[in-house]
Every structure is written in C-alpha cells, then in structure tokens.
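Coordinates from protein18.txt are shown below (compact mmCIF, C-alpha atoms).
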```
# COMPACT_ATOMS: atom_id res chain seq x y z
CA MET U 13 -17.93 32.46 97.20
CA GLU U 14 -21.58 33.15 96.54
CA ILE U 15 -23.89 31.14 94.31
CA THR U 16 -25.61 33.99 92.50
CA GLU U 17 -27.79 31.93 90.15
CA VAL U 18 -29.14 28.38 89.95
CA LYS U 19 -30.87 27.18 86.78
CA VAL U 20 -32.86 23.95 86.92
CA PHE U 21 -33.54 21.82 83.86
CA PRO U 22 -35.92 19.01 84.93
CA VAL U 23 -35.59 15.63 83.20
CA ASN U 24 -38.19 12.89 83.08
CA GLU U 25 -36.01 9.83 83.71
CA GLU U 26 -36.06 7.15 86.39
CA LYS U 27 -33.02 8.22 88.44
CA LEU U 28 -31.85 11.45 86.77
CA LYS U 29 -34.20 14.19 87.95
CA ALA U 30 -32.58 17.38 86.59
CA TYR U 31 -29.52 19.04 85.17
CA ILE U 32 -28.33 22.11 87.05
CA THR U 33 -26.25 25.13 86.08
CA ILE U 34 -24.84 27.37 88.81
CA VAL U 35 -23.21 30.79 88.57
CA LEU U 36 -20.60 31.77 91.15
CA ASP U 37 -20.11 35.44 92.10
CA ASP U 38 -21.89 36.55 88.89
CA CYS U 39 -18.75 35.66 86.94
CA PHE U 40 -18.13 31.89 86.75
CA VAL U 41 -20.52 29.22 85.45
CA VAL U 42 -20.53 25.49 86.23
CA ARG U 43 -22.83 23.37 84.06
CA ASP U 44 -24.03 19.78 84.20
CA LEU U 45 -24.46 19.20 87.91
CA LYS U 46 -27.14 16.53 88.24
CA ILE U 47 -29.91 15.78 90.70
CA ILE U 48 -30.06 12.02 91.13
CA GLY U 49 -32.73 10.03 92.92
CA GLY U 50 -30.79 7.44 94.92
CA ASN U 51 -31.70 4.82 97.50
CA GLU U 52 -31.16 7.37 100.30
CA GLY U 53 -33.08 10.17 98.54
CA LEU U 54 -31.97 13.00 96.26
CA PHE U 55 -28.32 13.93 95.89
CA VAL U 56 -26.23 16.30 93.80
CA ALA U 57 -23.69 14.77 91.42
CA MET U 58 -20.88 17.04 90.28
CA PRO U 59 -20.02 17.41 86.57
CA SER U 60 -17.92 14.46 85.46
CA LYS U 61 -16.24 12.93 82.46
CA ARG U 62 -15.98 9.25 81.49
CA ARG U 63 -12.41 7.99 81.49
CA LYS U 64 -11.01 5.42 79.08
CA ASP U 65 -11.43 2.67 81.69
CA GLY U 66 -15.18 3.42 81.94
CA THR U 67 -15.05 5.12 85.34
CA PHE U 68 -16.16 8.71 85.89
CA LYS U 69 -13.97 11.51 87.24
CA ASP U 70 -15.38 14.80 88.57
CA ILE U 71 -14.21 17.75 86.48
CA ALA U 72 -15.39 20.32 89.04
CA HIS U 73 -16.15 19.77 92.71
CA PRO U 74 -15.99 21.44 96.15
CA LEU U 75 -12.71 21.03 98.01
CA ASN U 76 -14.24 20.84 101.49
CA GLN U 77 -17.39 19.62 103.21
CA ARG U 78 -18.60 23.12 104.13
CA THR U 79 -18.61 24.20 100.46
CA ARG U 80 -20.16 20.90 99.33
CA THR U 81 -22.98 21.32 101.87
CA HIS U 82 -23.56 24.93 100.74
CA VAL U 83 -23.73 23.96 97.05
CA GLU U 84 -25.96 20.95 97.69
CA LYS U 85 -28.42 22.97 99.79
CA ARG U 86 -28.76 25.75 97.20
CA VAL U 87 -29.11 23.29 94.32
CA LEU U 88 -31.63 21.00 96.05
CA ASP U 89 -33.68 23.99 97.29
CA ALA U 90 -33.81 25.40 93.74
CA TYR U 91 -34.80 21.99 92.34
CA LEU U 92 -37.60 21.50 94.89
CA ASP U 93 -38.89 25.05 94.24
CA GLU U 94 -38.94 24.33 90.50
CA ILE U 95 -40.83 21.06 90.99
CA LYS U 96 -43.41 22.76 93.23
CA ARG U 97 -43.84 25.54 90.66
CA ASP U 98 -44.21 23.06 87.79
CA ASN U 99 -46.76 21.03 89.75
CA SER U 100 -48.84 24.10 90.60
CA VAL U 101 -48.78 25.23 86.95
CA SER U 102 -49.88 21.73 85.86
CA ARG U 103 -52.69 21.70 88.43
CA SER U 104 -53.87 25.16 87.35
CA ALA U 105 -53.94 24.08 83.71
CA GLU U 106 -55.89 20.92 84.60
CA GLU U 107 -58.39 22.92 86.67
CA ALA U 108 -58.88 25.44 83.84
CA GLU U 109 -59.44 22.61 81.38
CA LYS U 110 -62.03 20.95 83.65
CA HIS U 111 -63.80 24.29 84.14
CA GLU U 112 -63.88 24.85 80.37
CA GLU U 113 -65.30 21.34 79.81
CA LYS U 114 -68.08 21.99 82.35
CA GLU U 115 -69.01 25.29 80.70
CA THR U 116 -69.05 23.67 77.26
CA ALA U 117 -71.27 20.85 78.55
CA MET U 118 -73.65 23.35 80.14
CA GLY U 119 -74.16 25.08 76.86
```
Step by step, read the file and then write its structure as structure tokens.
Amino acid sequence: MEITEVKVFPVNEEKLKAYITIVLDDCFVVRDLKIIGGNEGLFVAMPSKRRKDGTFKDIAHPLNQRTRTHVEKRVLDAYLDEIKRDNSVSRSAEEAEKHEEKETAMG
C-alpha cells in the first residue's frame, strides 16, 4: 500500500490542528484523519464516529503497528511541511507590507 497523496486542511483550534485526507494507491480516499496536539505532542487520530453511548469508534484504521507508523509519519510530515509553508508565506506578506509602508512614508 502506498500513500499517493496527503491533503492538509489546517484548523485554528486549541487541540485540533488539522484535518487530513489521504489517498491510497491513487484509488482509495480516507477523509477526516485529524492532527491533535496532545500532552505528549502531536498525534494522528483516525476517522471516527460517535456511538449512542457517547464513545467514539474508529471507522477506518491500520491493522498493524508497521502500517500505523507509516501513515502517521507521512501525515505528520505533510502537516509540518504545510505549517512551514504557511509561516513563510505569512512572513513574506508581512515583510512586503512593511516595505510598502516604508516607501509610502518616504514619499
């Protein structure tokens, strides 16, 4: 199984950091994985559904530790790349704005 695409949808909440969609072998999509900021750092939560008793049950998940590790690494790497890219875009926009303000002030 190959993860052929990872889409990151950042969220601005306290613990929930992003929703993730992965594509397996260019032919199967899994939506609503989540990046959660926990006490031990970031972790990947599998898509789940709330049961009548209020608990959550995964609706899709790896069946072994090797696959779980593979999915988590790809997802977390994609998330961290997205955050770095977003931060560099934000910094570039701020720098351009400051430059424009200086030029306007100078006349």
Just to confirm, what's the straight-line distance from CA of Asp37 in chain U to CA of Val18 in chain U in Å (one decimal)? 11.7 Å
Between U:Glu94, U:Thr79, U:Val56, U:Asn99, which has the minimum distance to Lys19 in chain U (counting only C-alpha atoms)?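 Result for the nearest residue to Lys19 in chain U: U:Glu94.
Going from CA of Arg63 in chain U to CA of Arg80 in chain U covers 23.3 Å.
For the pair CA of Lys85 in chain U and CA of Gly66 in chain U, the separation is 29.6 Å.
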Go through U:Met13, U:Met58, U:Leu75, U:Leu28 and flag the residue nearest Arg43 in chain U, using only C-alpha atoms for the distances. U:Met58
Lys69 in chain U surroundings by all atoms listed in the file, 12 Å radius, close-in-sequence under 4 positions cut, as a tab-separated table (two decimals) with C-alpha atoms, in the coordinates of the input:
```tsv
chain	number	residue	atom	x	y	z
U	57	ALA	CA	-23.69	14.77	91.42
U	58	MET	CA	-20.88	17.04	90.28
U	59	PRO	CA	-20.02	17.41	86.57
U	60	SER	CA	-17.92	14.46	85.46
U	61	LYS	CA	-16.24	12.93	82.46
U	62	ARG	CA	-15.98	9.25	81.49
U	63	ARG	CA	-12.41	7.99	81.49
U	64	LYS	CA	-11.01	5.42	79.08
U	65	ASP	CA	-11.43	2.67	81.69
U	73	HIS	CA	-16.15	19.77	92.71
```
Which of these, U:Leu88, U:Ala72, U:Leu54, U:Ile48, has the shortest distance to Asn24 in chain U once you count all atoms listed in the file? U:Ile48
Please rebuild range 38-53 of chain U with N, CA and C atoms and return the result as a short mmCIF file (atom, residue, chain, number, x, y, z; two decimals), in the coordinates of the input.
```cif
data_model
loop_
_atom_site.label_atom_id
_atom_site.label_comp_id
_atom_site.auth_asym_id
_atom_site.auth_seq_id
_atom_site.Cartn_x
_atom_site.Cartn_y
_atom_site.Cartn_z
N ASP U 38 -21.49 35.87 90.14
CA ASP U 38 -21.89 36.55 88.89
C ASP U 38 -20.81 36.53 87.82
N CYS U 39 -19.83 35.60 87.93
CA CYS U 39 -18.75 35.66 86.94
C CYS U 39 -18.17 34.30 86.54
N PHE U 40 -18.68 33.19 87.11
CA PHE U 40 -18.13 31.89 86.75
C PHE U 40 -19.27 30.88 86.72
N VAL U 41 -19.42 30.16 85.61
CA VAL U 41 -20.52 29.22 85.45
C VAL U 41 -20.00 27.78 85.54
N VAL U 42 -20.80 26.93 86.19
CA VAL U 42 -20.53 25.49 86.23
C VAL U 42 -21.81 24.81 85.75
N ARG U 43 -21.68 24.05 84.67
CA ARG U 43 -22.83 23.37 84.06
C ARG U 43 -22.78 21.87 84.36
N ASP U 44 -23.90 21.24 84.15
CA ASP U 44 -24.03 19.78 84.20
C ASP U 44 -23.89 19.15 85.58
N LEU U 45 -24.23 19.88 86.64
CA LEU U 45 -24.46 19.20 87.91
C LEU U 45 -25.74 18.41 87.69
N LYS U 46 -25.94 17.35 88.43
CA LYS U 46 -27.14 16.53 88.24
C LYS U 46 -27.81 16.28 89.58
N ILE U 47 -29.13 16.24 89.55
CA ILE U 47 -29.91 15.78 90.70
C ILE U 47 -30.24 14.33 90.39
N ILE U 48 -29.84 13.45 91.30
CA ILE U 48 -30.06 12.02 91.13
C ILE U 48 -30.94 11.51 92.27
N GLY U 49 -31.91 10.69 91.91
CA GLY U 49 -32.73 10.03 92.92
C GLY U 49 -32.08 8.71 93.29
N GLY U 50 -31.48 8.65 94.46
CA GLY U 50 -30.79 7.44 94.92
C GLY U 50 -31.59 6.69 95.96
N ASN U 51 -31.02 5.62 96.48
CA ASN U 51 -31.70 4.82 97.50
C ASN U 51 -31.93 5.60 98.79
N GLU U 52 -31.06 6.57 99.07
CA GLU U 52 -31.16 7.37 100.30
C GLU U 52 -31.88 8.70 100.07
N GLY U 53 -32.42 8.91 98.87
CA GLY U 53 -33.08 10.17 98.54
C GLY U 53 -32.31 10.91 97.46
#
```
